[in-house]
Amino acid sequence: MAVTFTQLIIWIIIAAIIGFLGEVLAGRRAPAGILGAIMLGLFSIFLIVGFFHFHIIGEPVLEGVPLISTIIAAAILVVIWSSVAYRSRR
């Protein structure tokens with residue numbers, strides 16, 4: 001999987017949006033604010049596009065990123081990450 005610089009910039013923008021939507025769907029905030037949301041979005045993109053190669057048939061794709069399945073993955077990651085992060089602070 002080769003990623004160009006332009007594609008990386010677009011993925012970071014998509015990651016910020018996906019991370020924010022994942023936080024909204026999960027009803028929790030990711031640790032580290034907007035940077036945490038971008039990291040979650042990028043990790044979700046990596047999992048869906050690069051690792052699992054998963055997408056829902058007919059879902060919208062932007063620069064090779066399936067949007068719906070990546071948002072679902074981000075919501076799941078927000079729940080997992082915020083549960084672990086906030087539990088370790090107590």
# chains A, B, ... in the order shown; residues from 1 in each chain; ligands from 1
$ closest_atom_pairs --of "region 20-66 of chain A" --to "region 4-9 of chain A" --cutoff "12 Å" --atoms "only C-alpha atoms" --output "Markdown table"
| residue | atom | partner | partner_atom | distance |
| --- | --- | --- | --- | --- |
| A:Ile38 | CA | A:Ile9 | CA | 11.8 |
| A:Leu42 | CA | A:Leu8 | CA | 9.7 |
| A:Ile45 | CA | A:Leu8 | CA | 11.0 |
| A:Phe46 | CA | A:Leu8 | CA | 11.5 |
| A:Leu62 | CA | A:Gln7 | CA | 10.1 |
| A:Glu63 | CA | A:Gln7 | CA | 6.8 |
| A:Gly64 | CA | A:Gln7 | CA | 8.9 |
| A:Val65 | CA | A:Gln7 | CA | 10.1 |
$ select_by_dssp --residues "chain A" --states "strand (DSSP E or B)" --output "list in words"
Val61, Leu62, Val65 and Pro66 of chain A
$ write_last_selection --atoms "N, CA and C atoms" --output "compact mmCIF listing (two decimals), in the first residue's frame"
# COMPACT_ATOMS: atom_id res chain seq x y z
N VAL A 61 -16.77 6.27 -0.86
CA VAL A 61 -15.32 6.15 -0.70
C VAL A 61 -14.69 7.47 -1.13
N LEU A 62 -13.79 8.00 -0.31
CA LEU A 62 -13.10 9.24 -0.62
C LEU A 62 -11.60 9.00 -0.51
N VAL A 65 -10.70 5.77 1.03
CA VAL A 65 -11.14 5.55 2.41
C VAL A 65 -12.64 5.31 2.42
N PRO A 66 -13.08 4.08 2.79
CA PRO A 66 -14.51 3.84 2.93
C PRO A 66 -15.03 4.56 4.18
$ residues_around --residues "Ser69 (chain A)" --least-positions-apart "5" --cutoff "9 Å" --atoms "only C-alpha atoms" --output "VMD selection string"
chain A and resid 44 48 54 to 56 59 74
$ write_last_selection --atoms "N, CA and C atoms" --output "PDB file, in the first residue's frame"
ATOM      1  N   SER A  44      -8.083   4.244  12.592  1.00  0.00           N
ATOM      2  CA  SER A  44      -9.265   3.606  12.004  1.00  0.00           C
ATOM      3  C   SER A  44      -9.085   3.405  10.504  1.00  0.00           C
ATOM      4  N   ILE A  48      -9.077  -0.262   8.690  1.00  0.00           N
ATOM      5  CA  ILE A  48     -10.072  -0.606   7.681  1.00  0.00           C
ATOM      6  C   ILE A  48      -9.436  -0.758   6.297  1.00  0.00           C
ATOM      7  N   PHE A  54     -11.644  -3.981   4.691  1.00  0.00           N
ATOM      8  CA  PHE A  54     -13.083  -4.142   4.875  1.00  0.00           C
ATOM      9  C   PHE A  54     -13.804  -2.908   4.367  1.00  0.00           C
ATOM     10  N   HIS A  55     -14.924  -3.128   3.707  1.00  0.00           N
ATOM     11  CA  HIS A  55     -15.814  -2.022   3.352  1.00  0.00           C
ATOM     12  C   HIS A  55     -17.206  -2.593   3.132  1.00  0.00           C
ATOM     13  N   ILE A  56     -18.182  -1.751   3.342  1.00  0.00           N
ATOM     14  CA  ILE A  56     -19.573  -2.121   3.128  1.00  0.00           C
ATOM     15  C   ILE A  56     -19.884  -1.857   1.654  1.00  0.00           C
ATOM     16  N   GLU A  59     -20.910   1.732  -0.017  1.00  0.00           N
ATOM     17  CA  GLU A  59     -20.669   2.895   0.838  1.00  0.00           C
ATOM     18  C   GLU A  59     -19.785   3.906   0.107  1.00  0.00           C
ATOM     19  N   ALA A  74     -13.899   4.012  14.164  1.00  0.00           N
ATOM     20  CA  ALA A  74     -13.464   5.105  15.036  1.00  0.00           C
ATOM     21  C   ALA A  74     -14.313   5.172  16.299  1.00  0.00           C
TER      22      ALA A  74
END
$ residues_around --residues "Ile71 (chain A)" --least-positions-apart "6" --cutoff "7 Å" --atoms "only C-alpha atoms" --output "MDAnalysis selection string"
chainID A and resid 18 21:22
$ select_by_dssp --residues "chain A" --states "alpha helix (DSSP H)" --output "MDAnalysis selection string"
chainID A and resid 5:26 33:45 67:89
$ atom_distance --atom1 "CA of Leu67 (chain A)" --atom2 "CA of Ala15 (chain A)"
10.0 Å
$ residues_around --residues "Arg29 (chain A)" --least-positions-apart "6" --cutoff "10 Å" --atoms "only C-alpha atoms" --output "PyMOL selection string"
chain A and resi 19-20+22-23+36-37+78-79+81-82
$ atom_distance --atom1 "CA of Ile76 (chain A)" --atom2 "CA of Ala26 (chain A)"
7.2 Å
$ decode --residues "region 21-62 of chain A" --atoms "N, CA and C atoms" --output "tab-separated table (two decimals), in the first residue's frame"
chain	number	residue	atom	x	y	z
A	21	LEU	N	-16.53	12.45	14.46
A	21	LEU	CA	-17.80	11.71	14.35
A	21	LEU	C	-17.79	10.45	15.21
A	22	GLY	N	-16.63	9.81	15.32
A	22	GLY	CA	-16.52	8.65	16.20
A	22	GLY	C	-16.77	9.03	17.65
A	23	GLU	N	-16.25	10.20	18.06
A	23	GLU	CA	-16.50	10.68	19.42
A	23	GLU	C	-17.99	10.97	19.64
A	24	VAL	N	-18.62	11.57	18.65
A	24	VAL	CA	-20.04	11.90	18.76
A	24	VAL	C	-20.87	10.61	18.87
A	25	LEU	N	-20.58	9.64	18.00
A	25	LEU	CA	-21.33	8.38	18.04
A	25	LEU	C	-21.11	7.62	19.34
A	26	ALA	N	-19.89	7.64	19.86
A	26	ALA	CA	-19.59	6.90	21.07
A	26	ALA	C	-20.10	7.63	22.31
A	27	GLY	N	-20.34	8.93	22.19
A	27	GLY	CA	-20.82	9.70	23.34
A	27	GLY	C	-19.71	9.97	24.35
A	28	ARG	N	-18.47	9.84	23.92
A	28	ARG	CA	-17.32	10.07	24.80
A	28	ARG	C	-16.28	10.88	24.04
A	29	ARG	N	-15.37	11.47	24.79
A	29	ARG	CA	-14.27	12.21	24.18
A	29	ARG	C	-13.02	11.35	24.21
A	30	ALA	N	-12.24	11.45	23.16
A	30	ALA	CA	-10.95	10.75	23.14
A	30	ALA	C	-9.95	11.55	23.96
A	31	PRO	N	-9.07	10.87	24.69
A	31	PRO	CA	-8.02	11.60	25.39
A	31	PRO	C	-7.15	12.36	24.40
A	32	ALA	N	-6.57	13.46	24.81
A	32	ALA	CA	-5.66	14.31	24.01
A	32	ALA	C	-6.40	15.20	23.03
A	33	GLY	N	-7.69	15.43	23.22
A	33	GLY	CA	-8.44	16.41	22.43
A	33	GLY	C	-8.48	16.13	20.94
A	34	ILE	N	-8.28	17.18	20.14
A	34	ILE	CA	-8.37	17.04	18.69
A	34	ILE	C	-7.24	16.17	18.15
A	35	LEU	N	-6.07	16.24	18.77
A	35	LEU	CA	-4.97	15.39	18.35
A	35	LEU	C	-5.31	13.91	18.56
A	36	GLY	N	-5.96	13.61	19.67
A	36	GLY	CA	-6.42	12.24	19.92
A	36	GLY	C	-7.46	11.79	18.91
A	37	ALA	N	-8.35	12.70	18.53
A	37	ALA	CA	-9.37	12.37	17.55
A	37	ALA	C	-8.74	12.10	16.18
A	38	ILE	N	-7.73	12.89	15.81
A	38	ILE	CA	-7.03	12.66	14.54
A	38	ILE	C	-6.28	11.34	14.58
A	39	MET	N	-5.63	11.05	15.70
A	39	MET	CA	-4.92	9.76	15.83
A	39	MET	C	-5.88	8.59	15.72
A	40	LEU	N	-7.05	8.71	16.36
A	40	LEU	CA	-8.06	7.66	16.26
A	40	LEU	C	-8.56	7.51	14.83
A	41	GLY	N	-8.77	8.62	14.16
A	41	GLY	CA	-9.21	8.58	12.77
A	41	GLY	C	-8.18	7.92	11.86
A	42	LEU	N	-6.90	8.29	12.03
A	42	LEU	CA	-5.84	7.67	11.23
A	42	LEU	C	-5.71	6.18	11.52
A	43	PHE	N	-5.80	5.82	12.79
A	43	PHE	CA	-5.72	4.41	13.15
A	43	PHE	C	-6.91	3.63	12.58
A	44	SER	N	-8.08	4.24	12.59
A	44	SER	CA	-9.27	3.61	12.00
A	44	SER	C	-9.08	3.41	10.50
A	45	ILE	N	-8.55	4.43	9.83
A	45	ILE	CA	-8.29	4.31	8.40
A	45	ILE	C	-7.29	3.19	8.14
A	46	PHE	N	-6.23	3.14	8.95
A	46	PHE	CA	-5.24	2.08	8.79
A	46	PHE	C	-5.86	0.70	8.98
A	47	LEU	N	-6.68	0.55	10.02
A	47	LEU	CA	-7.31	-0.75	10.28
A	47	LEU	C	-8.23	-1.17	9.14
A	48	ILE	N	-9.08	-0.26	8.69
A	48	ILE	CA	-10.07	-0.61	7.68
A	48	ILE	C	-9.44	-0.76	6.30
A	49	VAL	N	-8.58	0.18	5.90
A	49	VAL	CA	-8.02	0.17	4.56
A	49	VAL	C	-6.81	-0.75	4.45
A	50	GLY	N	-5.87	-0.63	5.39
A	50	GLY	CA	-4.61	-1.33	5.26
A	50	GLY	C	-4.56	-2.71	5.87
A	51	PHE	N	-5.32	-2.95	6.93
A	51	PHE	CA	-5.19	-4.22	7.64
A	51	PHE	C	-6.32	-5.19	7.31
A	52	PHE	N	-7.55	-4.77	7.55
A	52	PHE	CA	-8.69	-5.67	7.33
A	52	PHE	C	-9.21	-5.65	5.89
A	53	HIS	N	-8.94	-4.59	5.13
A	53	HIS	CA	-9.45	-4.44	3.76
A	53	HIS	C	-10.98	-4.62	3.75
A	54	PHE	N	-11.64	-3.98	4.69
A	54	PHE	CA	-13.08	-4.14	4.88
A	54	PHE	C	-13.80	-2.91	4.37
A	55	HIS	N	-14.92	-3.13	3.71
A	55	HIS	CA	-15.81	-2.02	3.35
A	55	HIS	C	-17.21	-2.59	3.13
A	56	ILE	N	-18.18	-1.75	3.34
A	56	ILE	CA	-19.57	-2.12	3.13
A	56	ILE	C	-19.88	-1.86	1.65
A	57	ILE	N	-20.53	-2.80	1.02
A	57	ILE	CA	-20.82	-2.66	-0.41
A	57	ILE	C	-21.71	-1.44	-0.64
A	58	GLY	N	-21.28	-0.57	-1.54
A	58	GLY	CA	-22.05	0.61	-1.88
A	58	GLY	C	-21.80	1.82	-1.01
A	59	GLU	N	-20.91	1.73	-0.02
A	59	GLU	CA	-20.67	2.90	0.84
A	59	GLU	C	-19.79	3.91	0.11
A	60	PRO	N	-19.91	5.18	0.46
A	60	PRO	CA	-19.10	6.20	-0.21
A	60	PRO	C	-17.62	6.05	0.15
A	61	VAL	N	-16.77	6.27	-0.86
A	61	VAL	CA	-15.32	6.15	-0.70
A	61	VAL	C	-14.69	7.47	-1.13
A	62	LEU	N	-13.79	8.00	-0.31
A	62	LEU	CA	-13.10	9.24	-0.62
A	62	LEU	C	-11.60	9.00	-0.51
